[in-house]
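Written below as structure tokens is the structure these notes are about.
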There are 2 protein chains.
Amino acid sequence: MLSTRKQTILKAVVDEYIKGALPISSGEIKNKYFDDVSAATIRTELSTLEDMGYLVQPHTSAGRIPSPLAYRFYVDNFLRDKTLKIEEIETINASFNNKFLRVEEIVKTAAKVISDMTNYTSVIVLKNINKVYIKGIKIIGLDDKSALVVIITDSGIIRDKVILVDAQDESFLADATVLINKIFAGRSLGDIKSKAASARVDAELNTFRELLNSIMNIILSYEDETNSVITEGEKKVLDYPETSLESARNFFSLIDDKKSISALICDNADIEFSLKIGKSETNGIDKCAVVTARYSINGKEIGHAGVIGPERMDYSKVISVLSYVGNTINSIMENTDDADLNKDEPEV
Amino acid sequence: MLSTRKQTILKAVVDEYIKGALPISSGEIKNKYFDDVSAATIRTELSTLEDMGYLVQPHTSAGRIPSPLAYRFYVDNFLRDKTLKIEEIETINASFNNKFLRVEEIVKTAAKVISDMTNYTSVIVLKNINKVYIKGIKIIGLDDKSALVVIITDSGIIRDKVILVDAQDESFLADATVLINKIFAGRSLGDIKSKAASARVDAELNTFRELLNSIMNIILSYEDETNSVITEGEKKVLDYPETSLESARNFFSLIDDKKSISALICDNADIEFSLKIGKSETNGIDKCAVVTARYSINGKEIGHAGVIGPERMDYSKVISVLSYVGNTINSIMENTDDADLNKDEPEV
DNA sequence: ACTAGCACTCTCATCTGTTGAGTGCTAATT
DNA sequence: AATTAGCACTCAACAGATGAGAGTGCTAGT
């Protein structure tokens with residue numbers, strides 16, 4: 001175990017490096033953190049901390065910067081019970097402001113808030129989409145050639161899309177709605193997908209075949225990675241002092257690859273929070289850290305939210321923001337979840 | 001007027017600079033464009049072209065690069081009847097692929113296609129939103145606490161939003177729909193906005209006051225700049241060889257400022273295409289050119305589309321893409337415009 | 001255990017010389 | 001009058017060289 005002084009010094013290095021992104025010298029630590037001890041003493045401590053793997057020297061006559069191990073230690077030991085400021089909480093609350101209830105909007109708002117509060121890039125990945133089940137489908141005629149299809153699921157995910165449809169007569173859409181709800185309502189997306197082929201060829205549905213196919217396509221597109229990975233604040237990397245043009249390019253090409261981002265954010269099997277620091281196995285972005293959290297509504301996991309930033313990120317702030325936003329989403333959504341959609345619609 | 005040879009040389013400089021972003025030397029021009037004349041001759045021509053203001057030397061012993069005037073001349077004289085390749089046209093058509101009919105989606109797709117085909121940043125600004133009029137409003141109950149409001153306008157702009165509403169009994173939403181259509185249907189957004197105050201306080205609407213307010217807010221938010229400026233491909237600037245970290249930062253902060261972008265794209269009073277080259281009055285981005293086009297549906301102007309790229313951009317390609325995408329949008333939308341929404345709904 | 005002192009190392013910035021690309025000019029040629 | 005070969009000139013870019021400054025590691029003394 002590290003001596004108290006070593007811990008203080010280690011924390012000092014991490015804190016200062018988080019602030020300034022520059023190597024920290026023994027003199028600087030002495031000035032800001034110690035009255036009773038000289039720089040030389042701190043130097044020997046720094047030297048042993050380096051031997052232990054906590055610190056790294058960019059070159060012989062530079063100060064020290066923290067290694068991933070140091071961040072790890074910092075996170076594990078100095079991160080207890082930090083809370084957000086009242087203004088920050090108010091900002092978050094104001095953003096959600098219950099003006100909307102659609103999951104797409106909430107998730108997008110959450111990503112934006114997380115990114116804005118932390119000043120890092122945020123990512124939200126929606127998961128378990130196959131387990132979502134459909135509560136009902138509405139079809140609203142717009143004119144004689146098109147209609148709006150609204151798909152309502154449990155956990156409130158609403159997706160809608162305008163489709164082309166030849167509404168032969170007035171009852172066409174009403175009949176179609178009844179039939180389509182008979183087919184889809186109460187079934188999970190995974191279930192529907194696995195039986196997609198058989199549903200398509202059912203002969204008795206001939207009249208509605210085209211309409212059915214359109215709706216099928218909407219449902220199948222739910223899984224589309226493009227729709228289930230939301231990123232915000234990518235451009236903030238340009239403001240980090242350590243960012244070069246080259247690294248910015250790499251970062252952006254990683255961020256645009258929804259598949260790897262999704263993998264990066266979601267591999268924290270069953271822990272509430274996960275921190276990845278400096279594991280360069282995550283190819284593409286070097287010197288980056290990733291903090292992720294599982295998000296649930298009513299105890300049911302709906303996805304993961306993450307923050308991608310430099311290793312020297314403000315971990316405590318990131319974690320508190322992720323946590324607070326997660327709770328906020330949960331409290332917004334939990335009442336809508338178990339409501340019965342079909343209450344005033346006996347015909348479906 | 002410029003001699004034929006001067007024109008050839010000027011075109012050569014612009015073409016080569018567009019390709020390589022490097023100053024062009026007399027020798028290079030001689031090799032690629034002239035068999036019958038020596039580099040020295042070209043040198044004298046270059047020198048006079050420089051005196052005339054068409055060319056610029058970064059430093060004494062460098063080649064020439066085109067000035068804004070050169071691009072202007074290039075655009076005015078060498079840009080006639082260039083058309084897209086068949087594959088390119090097919091790519092564009094495939095993107096639109098009539099899978100969707102909603103203006104938001106079409107505009108987003110258009111922005112993406114324009115950016116992808118040109119490899120520059122694209123911007124689309126929707127205009128004249130106040131002149132859009134509402135064809136009808138639908139309210140679909142989702143559960144006993146929330147409903148989906150769908151606003152359908154001429155020119156097919158559909159906006160929908162989930163709102164909180166206390167549906168007291170089964171006929172509540174139906175009654176509300178009738179009343180709300182009585183108030184809003186057939187009126188333009190501008191009209192509604194200017195009379196917003198009076199509508200809100202009408203006493204007889206007390207039962208639906210809350211609902212009415214929600215819908216009012218949705219309509220008012222139509223104008224929101226955030227919603228009417230769509231950008232795509234911002235990150236492509238990082239791939240230009242002339243981009244520095246600093247200029248990338250400037251560019252991104254300009255692009256994020258929807259208000260200036262909107263002004264930048266929309267100030268081409270009544271010309272079909274507009275090219276701004278090197279006018280640094282547009283503060284923020286230096287060495288950038290902006291090509292904009294007016295977009296209309298059925299002859300009615302709906303907005304402006306633009307491409308922002310380096311001065312040395314491939315103007316002919318940009319213009320053909322803008323033009324082709326504009327026509328495509330028009331042909332997709334024109335049939336839906338004059339359809340009568342209320343055909344099978346006599347109750348509204 | 002701590003510290004003062006000093007030699008050592010390495011970056012960063014500045015300067016210098018060299019190279020090569022490309023020009024401008026001039027005198028000769030067509 | 002237009003073109004060209006030839007040559008001196010300019011300047012950016014590169015590579016060393018040099019010095020200053022920051023910060024360390026080590027050692028001897030407290």
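Letters A, B, ... go to the chains of the structure tokens in the order shown; residues in each chain start at 1; ligands are counted from 1 in the same order.
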Leaving out C:DT23 and any residue of its chain fewer than 2 positions from it, which residues lie within 12 Å of it when counting only C-alpha atoms (C1' of nucleotides), given as a list in words?
->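 Result of the neighbour search: Ser25, Ser26, Gly27, Ala39, Ala40, Ile42, Arg43, Thr44, Leu46, Ser47, Gln57, His59, Thr60, Ser61, Ala62, Gly63 and Arg64 of chain B; DA21 and DC25 of chain C; DC7, DA8, DC9, DT10 and DC11 of chain D.
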Give chain A as a short mmCIF file (atom, residue, chain, number, x, y, z; two decimals) with C-alpha atoms, in the first residue's frame once it has been least-squares superposed onto chain B over every C-alpha atom, paired in order.
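Heads up, here's the output in selection_19.cif:
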```cif
data_model
loop_
_atom_site.label_atom_id
_atom_site.label_comp_id
_atom_site.auth_asym_id
_atom_site.auth_seq_id
_atom_site.Cartn_x
_atom_site.Cartn_y
_atom_site.Cartn_z
CA MET A 1 -10.41 40.20 -72.88
CA LEU A 2 -7.84 37.51 -72.22
CA SER A 3 -5.96 35.92 -75.11
CA THR A 4 -6.70 32.28 -75.80
CA ARG A 5 -3.33 31.28 -74.40
CA LYS A 6 -3.82 33.29 -71.25
CA GLN A 7 -7.18 31.60 -70.80
CA THR A 8 -5.65 28.17 -71.28
CA ILE A 9 -2.96 28.96 -68.76
CA LEU A 10 -5.44 30.39 -66.28
CA LYS A 11 -7.63 27.33 -66.62
CA ALA A 12 -4.56 25.12 -66.20
CA VAL A 13 -3.60 26.85 -62.97
CA VAL A 14 -7.10 26.56 -61.56
CA ASP A 15 -7.52 22.94 -62.62
CA GLU A 16 -4.19 21.89 -61.18
CA TYR A 17 -4.72 23.85 -58.00
CA ILE A 18 -8.13 22.27 -57.51
CA LYS A 19 -6.47 18.89 -57.81
CA GLY A 20 -3.43 19.39 -55.65
CA ALA A 21 -3.81 22.51 -53.53
CA LEU A 22 -0.20 23.41 -54.29
CA PRO A 23 1.17 26.44 -56.14
CA ILE A 24 1.59 25.78 -59.85
CA SER A 25 4.88 26.51 -61.58
CA SER A 26 5.56 27.56 -65.15
CA GLY A 27 7.37 24.27 -65.73
CA GLU A 28 4.43 22.19 -64.60
CA ILE A 29 2.09 24.01 -66.97
CA LYS A 30 4.54 23.63 -69.81
CA ASN A 31 4.81 19.88 -69.22
CA LYS A 32 1.13 19.16 -68.90
CA TYR A 33 -0.40 21.67 -71.27
CA PHE A 34 2.11 22.96 -73.84
CA ASP A 35 4.43 21.28 -76.29
CA ASP A 36 5.12 24.24 -78.50
CA VAL A 37 6.07 26.86 -75.99
CA SER A 38 8.76 27.06 -73.33
CA ALA A 39 8.41 27.61 -69.62
CA ALA A 40 9.91 31.09 -69.96
CA THR A 41 7.09 32.19 -72.21
CA ILE A 42 4.54 30.84 -69.83
CA ARG A 43 6.37 32.70 -67.10
CA THR A 44 5.79 36.03 -68.80
CA GLU A 45 2.16 35.16 -69.31
CA LEU A 46 1.83 34.18 -65.66
CA SER A 47 3.45 37.45 -64.73
CA THR A 48 0.94 39.52 -66.64
CA LEU A 49 -1.93 37.40 -65.34
CA GLU A 50 -0.67 38.22 -61.88
CA ASP A 51 -0.61 41.93 -62.74
CA MET A 52 -4.17 41.62 -63.93
CA GLY A 53 -5.20 40.24 -60.57
CA TYR A 54 -5.95 36.68 -61.57
CA LEU A 55 -3.04 35.01 -59.87
CA VAL A 56 -1.19 35.32 -56.62
CA GLN A 57 2.25 34.24 -55.52
CA PRO A 58 2.51 32.99 -51.95
CA HIS A 59 6.13 34.13 -52.02
CA THR A 60 8.69 35.23 -54.59
CA SER A 61 10.00 31.89 -55.66
CA ALA A 62 6.83 29.89 -55.49
CA GLY A 63 4.43 29.02 -58.24
CA ARG A 64 1.09 30.77 -58.68
CA ILE A 65 -2.22 30.10 -57.04
CA PRO A 66 -5.54 31.41 -58.35
CA SER A 67 -7.08 34.51 -56.82
CA PRO A 68 -10.86 34.72 -56.26
CA LEU A 69 -10.99 36.61 -59.55
CA ALA A 70 -9.50 33.59 -61.30
CA TYR A 71 -12.14 31.29 -59.85
CA ARG A 72 -14.77 33.77 -60.90
CA PHE A 73 -13.44 33.77 -64.45
CA TYR A 74 -13.12 30.00 -64.39
CA VAL A 75 -16.69 29.59 -63.26
CA ASP A 76 -18.05 32.05 -65.79
CA ASN A 77 -16.15 30.69 -68.76
CA PHE A 78 -15.26 27.05 -68.34
CA LEU A 79 -18.24 25.64 -66.55
CA ARG A 80 -20.79 25.11 -69.29
CA ASP A 81 -22.80 21.93 -69.65
CA LYS A 82 -21.00 19.56 -67.36
CA THR A 83 -23.17 16.64 -66.37
CA LEU A 84 -22.98 13.96 -63.77
CA LYS A 85 -21.85 10.46 -64.52
CA ILE A 86 -24.49 7.79 -64.74
CA GLU A 87 -23.25 6.06 -61.60
CA GLU A 88 -23.48 9.32 -59.74
CA ILE A 89 -27.02 9.88 -60.86
CA GLU A 90 -27.87 6.36 -59.82
CA THR A 91 -26.34 6.90 -56.40
CA ILE A 92 -28.44 9.98 -55.90
CA ASN A 93 -31.60 8.29 -57.07
CA ALA A 94 -30.94 5.31 -54.85
CA SER A 95 -30.65 7.53 -51.81
CA PHE A 96 -34.08 9.00 -52.33
CA ASN A 97 -35.57 5.73 -53.39
CA ASN A 98 -39.04 7.03 -52.36
CA LYS A 99 -38.96 5.12 -49.10
CA PHE A 100 -40.08 8.20 -47.23
CA LEU A 101 -42.10 11.23 -47.85
CA ARG A 102 -41.54 13.45 -44.90
CA VAL A 103 -39.80 16.72 -45.59
CA GLU A 104 -37.47 16.38 -42.63
CA GLU A 105 -36.25 13.07 -43.99
CA ILE A 106 -35.96 14.30 -47.54
CA VAL A 107 -34.01 17.36 -46.55
CA LYS A 108 -31.70 15.36 -44.37
CA THR A 109 -31.16 12.87 -47.14
CA ALA A 110 -30.54 15.64 -49.62
CA ALA A 111 -27.94 17.23 -47.35
CA LYS A 112 -26.22 13.90 -46.92
CA VAL A 113 -26.22 13.12 -50.62
CA ILE A 114 -24.90 16.54 -51.56
CA SER A 115 -22.11 16.28 -49.04
CA ASP A 116 -21.19 12.73 -49.97
CA MET A 117 -21.17 13.37 -53.70
CA THR A 118 -19.10 16.54 -53.50
CA ASN A 119 -16.99 15.69 -50.47
CA TYR A 120 -17.64 19.12 -49.07
CA THR A 121 -19.88 20.35 -46.28
CA SER A 122 -23.50 20.85 -47.25
CA VAL A 123 -26.12 23.06 -45.72
CA ILE A 124 -29.83 23.24 -46.31
CA VAL A 125 -31.91 26.07 -44.92
CA LEU A 126 -35.68 25.91 -45.01
CA LYS A 127 -37.30 29.23 -45.69
CA ASN A 128 -40.64 30.90 -45.86
CA ILE A 129 -41.87 28.75 -43.07
CA ASN A 130 -44.37 31.43 -42.14
CA LYS A 131 -46.09 30.98 -45.47
CA VAL A 132 -46.62 27.27 -44.93
CA TYR A 133 -50.21 26.59 -44.07
CA ILE A 134 -51.70 23.87 -41.99
CA LYS A 135 -53.85 21.33 -43.76
CA GLY A 136 -54.88 19.50 -40.67
CA ILE A 137 -53.93 18.34 -37.22
CA LYS A 138 -54.42 14.84 -35.88
CA ILE A 139 -54.30 13.83 -32.27
CA ILE A 140 -53.70 10.20 -31.49
CA GLY A 141 -54.10 8.98 -27.95
CA LEU A 142 -51.21 6.83 -26.86
CA ASP A 143 -52.26 6.03 -23.32
CA ASP A 144 -54.30 7.88 -20.74
CA LYS A 145 -51.59 10.43 -20.14
CA SER A 146 -50.08 11.18 -23.50
CA ALA A 147 -50.97 11.72 -27.10
CA LEU A 148 -49.19 12.11 -30.40
CA VAL A 149 -49.92 15.33 -32.23
CA VAL A 150 -49.38 15.23 -35.97
CA ILE A 151 -49.38 18.48 -37.87
CA ILE A 152 -49.73 18.23 -41.62
CA THR A 153 -49.00 21.18 -43.83
CA ASP A 154 -49.08 21.91 -47.50
CA SER A 155 -45.69 21.14 -49.06
CA GLY A 156 -45.92 18.03 -46.97
CA ILE A 157 -44.02 19.18 -43.95
CA ILE A 158 -45.10 16.89 -41.19
CA ARG A 159 -44.13 17.46 -37.62
CA ASP A 160 -45.17 15.34 -34.74
CA LYS A 161 -44.58 15.36 -31.09
CA VAL A 162 -45.73 13.46 -28.05
CA ILE A 163 -47.49 15.64 -25.54
CA LEU A 164 -48.82 15.06 -22.06
CA VAL A 165 -52.56 15.31 -21.90
CA ASP A 166 -55.20 14.30 -19.45
CA ALA A 167 -57.74 12.50 -21.60
CA GLN A 168 -60.77 12.77 -19.38
CA ASP A 169 -63.03 10.50 -21.38
CA GLU A 170 -63.20 8.68 -24.67
CA SER A 171 -64.48 11.52 -26.74
CA PHE A 172 -62.09 14.07 -25.33
CA LEU A 173 -59.46 13.77 -27.99
CA ALA A 174 -62.01 13.51 -30.79
CA ASP A 175 -63.73 16.69 -29.63
CA ALA A 176 -60.39 18.37 -29.23
CA THR A 177 -59.37 17.39 -32.74
CA VAL A 178 -62.49 18.91 -34.25
CA LEU A 179 -62.07 22.11 -32.32
CA ILE A 180 -58.37 22.43 -32.97
CA ASN A 181 -58.79 21.92 -36.66
CA LYS A 182 -61.46 24.56 -36.64
CA ILE A 183 -58.91 26.93 -35.18
CA PHE A 184 -55.82 26.03 -37.10
CA ALA A 185 -56.66 24.28 -40.35
CA GLY A 186 -56.20 26.37 -43.45
CA ARG A 187 -54.22 29.06 -41.71
CA SER A 188 -50.59 29.91 -42.33
CA LEU A 189 -47.98 29.61 -39.65
CA GLY A 190 -47.22 33.31 -39.82
CA ASP A 191 -50.88 34.10 -39.37
CA ILE A 192 -51.14 31.80 -36.39
CA LYS A 193 -48.05 33.21 -34.78
CA SER A 194 -49.16 36.79 -35.07
CA LYS A 195 -52.45 35.98 -33.43
CA ALA A 196 -51.03 33.59 -30.87
CA ALA A 197 -51.87 35.74 -27.90
CA SER A 198 -55.55 36.16 -28.70
CA ALA A 199 -56.08 32.48 -29.38
CA ARG A 200 -54.65 31.55 -26.05
CA VAL A 201 -57.04 33.59 -23.97
CA ASP A 202 -60.25 32.67 -25.69
CA ALA A 203 -62.54 31.76 -22.81
CA GLU A 204 -64.71 29.14 -24.44
CA LEU A 205 -61.71 26.90 -25.01
CA ASN A 206 -61.09 26.46 -21.36
CA THR A 207 -61.49 22.71 -21.35
CA PHE A 208 -58.80 22.29 -23.94
CA ARG A 209 -56.61 25.11 -22.81
CA GLU A 210 -53.66 22.94 -21.85
CA LEU A 211 -53.82 20.86 -24.99
CA LEU A 212 -54.15 23.96 -27.09
CA ASN A 213 -51.11 25.48 -25.52
CA SER A 214 -49.05 22.41 -26.22
CA ILE A 215 -50.05 22.48 -29.86
CA MET A 216 -49.44 26.18 -30.07
CA ASN A 217 -45.93 25.57 -28.80
CA ILE A 218 -45.29 22.95 -31.42
CA ILE A 219 -46.41 25.31 -34.14
CA LEU A 220 -44.36 28.17 -32.77
CA SER A 221 -41.29 25.99 -32.66
CA TYR A 222 -41.50 25.50 -36.41
CA GLU A 223 -39.48 28.59 -36.92
CA ASP A 224 -36.77 27.51 -34.56
CA GLU A 225 -33.50 27.94 -36.36
CA THR A 226 -32.26 24.66 -34.98
CA ASN A 227 -34.89 22.90 -36.98
CA SER A 228 -34.59 24.79 -40.21
CA VAL A 229 -30.84 24.60 -40.76
CA ILE A 230 -29.51 21.18 -41.62
CA THR A 231 -25.80 20.59 -42.09
CA GLU A 232 -23.96 17.50 -43.20
CA GLY A 233 -20.36 16.48 -43.71
CA GLU A 234 -18.79 19.11 -41.48
CA LYS A 235 -16.00 16.72 -40.69
CA LYS A 236 -14.87 16.62 -44.28
CA VAL A 237 -12.89 19.82 -43.75
CA LEU A 238 -10.36 17.77 -41.84
CA ASP A 239 -9.50 15.99 -45.06
CA TYR A 240 -8.55 19.09 -47.01
CA PRO A 241 -4.78 19.43 -47.10
CA GLU A 242 -5.00 23.13 -46.36
CA THR A 243 -6.90 22.65 -43.11
CA SER A 244 -5.12 23.42 -39.86
CA LEU A 245 -6.36 22.68 -36.38
CA GLU A 246 -7.01 26.35 -35.90
CA SER A 247 -9.01 26.74 -39.09
CA ALA A 248 -10.95 23.57 -38.33
CA ARG A 249 -11.97 25.01 -34.99
CA ASN A 250 -13.09 28.25 -36.61
CA PHE A 251 -14.99 26.38 -39.24
CA PHE A 252 -16.82 24.24 -36.73
CA SER A 253 -17.78 27.15 -34.57
CA LEU A 254 -19.17 28.91 -37.62
CA ILE A 255 -21.05 25.83 -38.75
CA ASP A 256 -22.61 25.45 -35.33
CA ASP A 257 -23.88 28.99 -35.41
CA LYS A 258 -27.11 28.31 -37.25
CA LYS A 259 -27.93 31.97 -37.47
CA SER A 260 -24.88 33.04 -39.47
CA ILE A 261 -24.99 29.92 -41.58
CA SER A 262 -28.55 30.70 -42.46
CA ALA A 263 -27.59 34.25 -43.41
CA LEU A 264 -24.64 33.01 -45.42
CA ILE A 265 -26.69 30.57 -47.45
CA CYS A 266 -29.77 32.68 -47.99
CA ASP A 267 -28.57 36.07 -49.20
CA ASN A 268 -28.80 35.25 -52.88
CA ALA A 269 -31.88 37.34 -53.44
CA ASP A 270 -33.40 35.93 -56.58
CA ILE A 271 -30.77 34.14 -58.58
CA GLU A 272 -30.89 30.45 -59.19
CA PHE A 273 -27.28 29.78 -58.29
CA SER A 274 -24.91 31.94 -56.37
CA LEU A 275 -21.18 31.59 -55.88
CA LYS A 276 -19.30 33.42 -53.22
CA ILE A 277 -15.58 33.11 -53.56
CA GLY A 278 -13.14 34.56 -51.11
CA LYS A 279 -15.34 37.35 -49.90
CA SER A 280 -13.92 37.58 -46.46
CA GLU A 281 -16.83 39.71 -45.38
CA THR A 282 -18.21 36.34 -44.41
CA ASN A 283 -16.22 36.36 -41.25
CA GLY A 284 -15.00 33.22 -39.64
CA ILE A 285 -14.04 31.15 -42.57
CA ASP A 286 -11.27 32.38 -44.74
CA LYS A 287 -10.28 30.82 -48.02
CA CYS A 288 -13.69 29.28 -48.36
CA ALA A 289 -16.17 29.36 -51.17
CA VAL A 290 -19.88 28.96 -50.88
CA VAL A 291 -22.14 27.75 -53.65
CA THR A 292 -25.83 28.06 -53.04
CA ALA A 293 -28.97 27.20 -54.94
CA ARG A 294 -32.61 28.00 -54.38
CA TYR A 295 -34.80 24.97 -53.95
CA SER A 296 -38.42 25.00 -54.91
CA ILE A 297 -41.32 22.61 -55.00
CA ASN A 298 -43.92 23.29 -57.63
CA GLY A 299 -42.32 26.63 -58.29
CA LYS A 300 -42.69 27.67 -54.67
CA GLU A 301 -39.41 28.42 -52.97
CA ILE A 302 -38.92 26.22 -49.95
CA GLY A 303 -35.34 26.95 -49.06
CA HIS A 304 -31.74 27.15 -50.04
CA ALA A 305 -29.12 24.47 -50.33
CA GLY A 306 -25.46 25.24 -50.22
CA VAL A 307 -22.04 23.73 -50.28
CA ILE A 308 -19.18 25.17 -48.27
CA GLY A 309 -15.71 24.15 -49.30
CA PRO A 310 -12.28 25.48 -50.05
CA GLU A 311 -11.99 28.12 -52.76
CA ARG A 312 -10.36 25.55 -54.96
CA MET A 313 -13.48 23.42 -55.01
CA ASP A 314 -14.77 21.44 -57.94
CA TYR A 315 -17.35 24.04 -58.92
CA SER A 316 -18.81 22.21 -61.86
CA LYS A 317 -19.45 19.08 -59.85
CA VAL A 318 -20.94 21.01 -56.97
CA ILE A 319 -23.29 22.88 -59.24
CA SER A 320 -24.42 19.78 -61.08
CA VAL A 321 -25.05 17.93 -57.85
CA LEU A 322 -26.99 20.82 -56.35
CA SER A 323 -29.01 21.12 -59.49
CA TYR A 324 -29.77 17.44 -59.84
CA VAL A 325 -30.72 16.99 -56.21
CA GLY A 326 -32.96 20.05 -56.44
CA ASN A 327 -34.79 18.58 -59.39
CA THR A 328 -35.09 15.25 -57.67
CA ILE A 329 -36.67 16.77 -54.59
CA ASN A 330 -39.07 18.70 -56.73
CA SER A 331 -40.18 15.63 -58.61
CA ILE A 332 -40.61 13.62 -55.43
CA MET A 333 -42.70 16.25 -53.77
CA GLU A 334 -44.75 17.82 -56.49
CA ASN A 335 -47.48 15.22 -56.61
CA THR A 336 -48.11 15.29 -52.87
CA ASP A 337 -48.49 19.01 -52.73
CA ASP A 338 -51.93 19.64 -54.11
CA ALA A 339 -53.57 16.53 -52.74
CA ASP A 340 -56.55 17.22 -50.56
CA LEU A 341 -55.84 15.99 -47.09
CA ASN A 342 -59.38 16.14 -45.86
CA LYS A 343 -60.89 14.14 -48.64
CA ASP A 344 -61.98 11.17 -46.55
CA GLU A 345 -62.59 13.08 -43.37
CA PRO A 346 -65.73 15.15 -43.66
CA GLU A 347 -65.90 15.74 -39.93
CA VAL A 348 -62.98 18.16 -39.79
#
```
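For the atom pair formed by atom C1' of C:DT16 and atom C1' of D:DA20, the distance is 17.8 Å, given to one decimal.
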If you run DSSP on this backbone, which residues of stretch 7-189 of chain B come out as strand (DSSP E or B), and could you give them as a VMD selection string?
-> chain B and resid 24 55 to 56 64 to 66 121 to 126 133 to 141 146 to 153 158 to 164 188
Would you kindly report the residues of chain C within 7 Å of chain A, using only C-alpha atoms (C1' of nucleotides), as a list of chain:residue names?
-> C:DC2, C:DT3, C:DT9, C:DC10
Preceding selection exported with C-alpha atoms (C1' of nucleotides) as a compact mmCIF listing (two decimals), in the first residue's frame:
```txt
# COMPACT_ATOMS: atom_id res chain seq x y z
C1' DC C 2 15.59 15.09 4.74
C1' DT C 3 17.87 18.61 1.95
C1' DT C 9 19.86 15.34 -19.74
C1' DC C 10 16.67 16.68 -22.83
```
Compute the chain D side of the contact with chain A at 10 Å, counting only C-alpha atoms (C1' of nucleotides), and hand it back as a VMD selection string.
-> chain D and resid 22 to 25
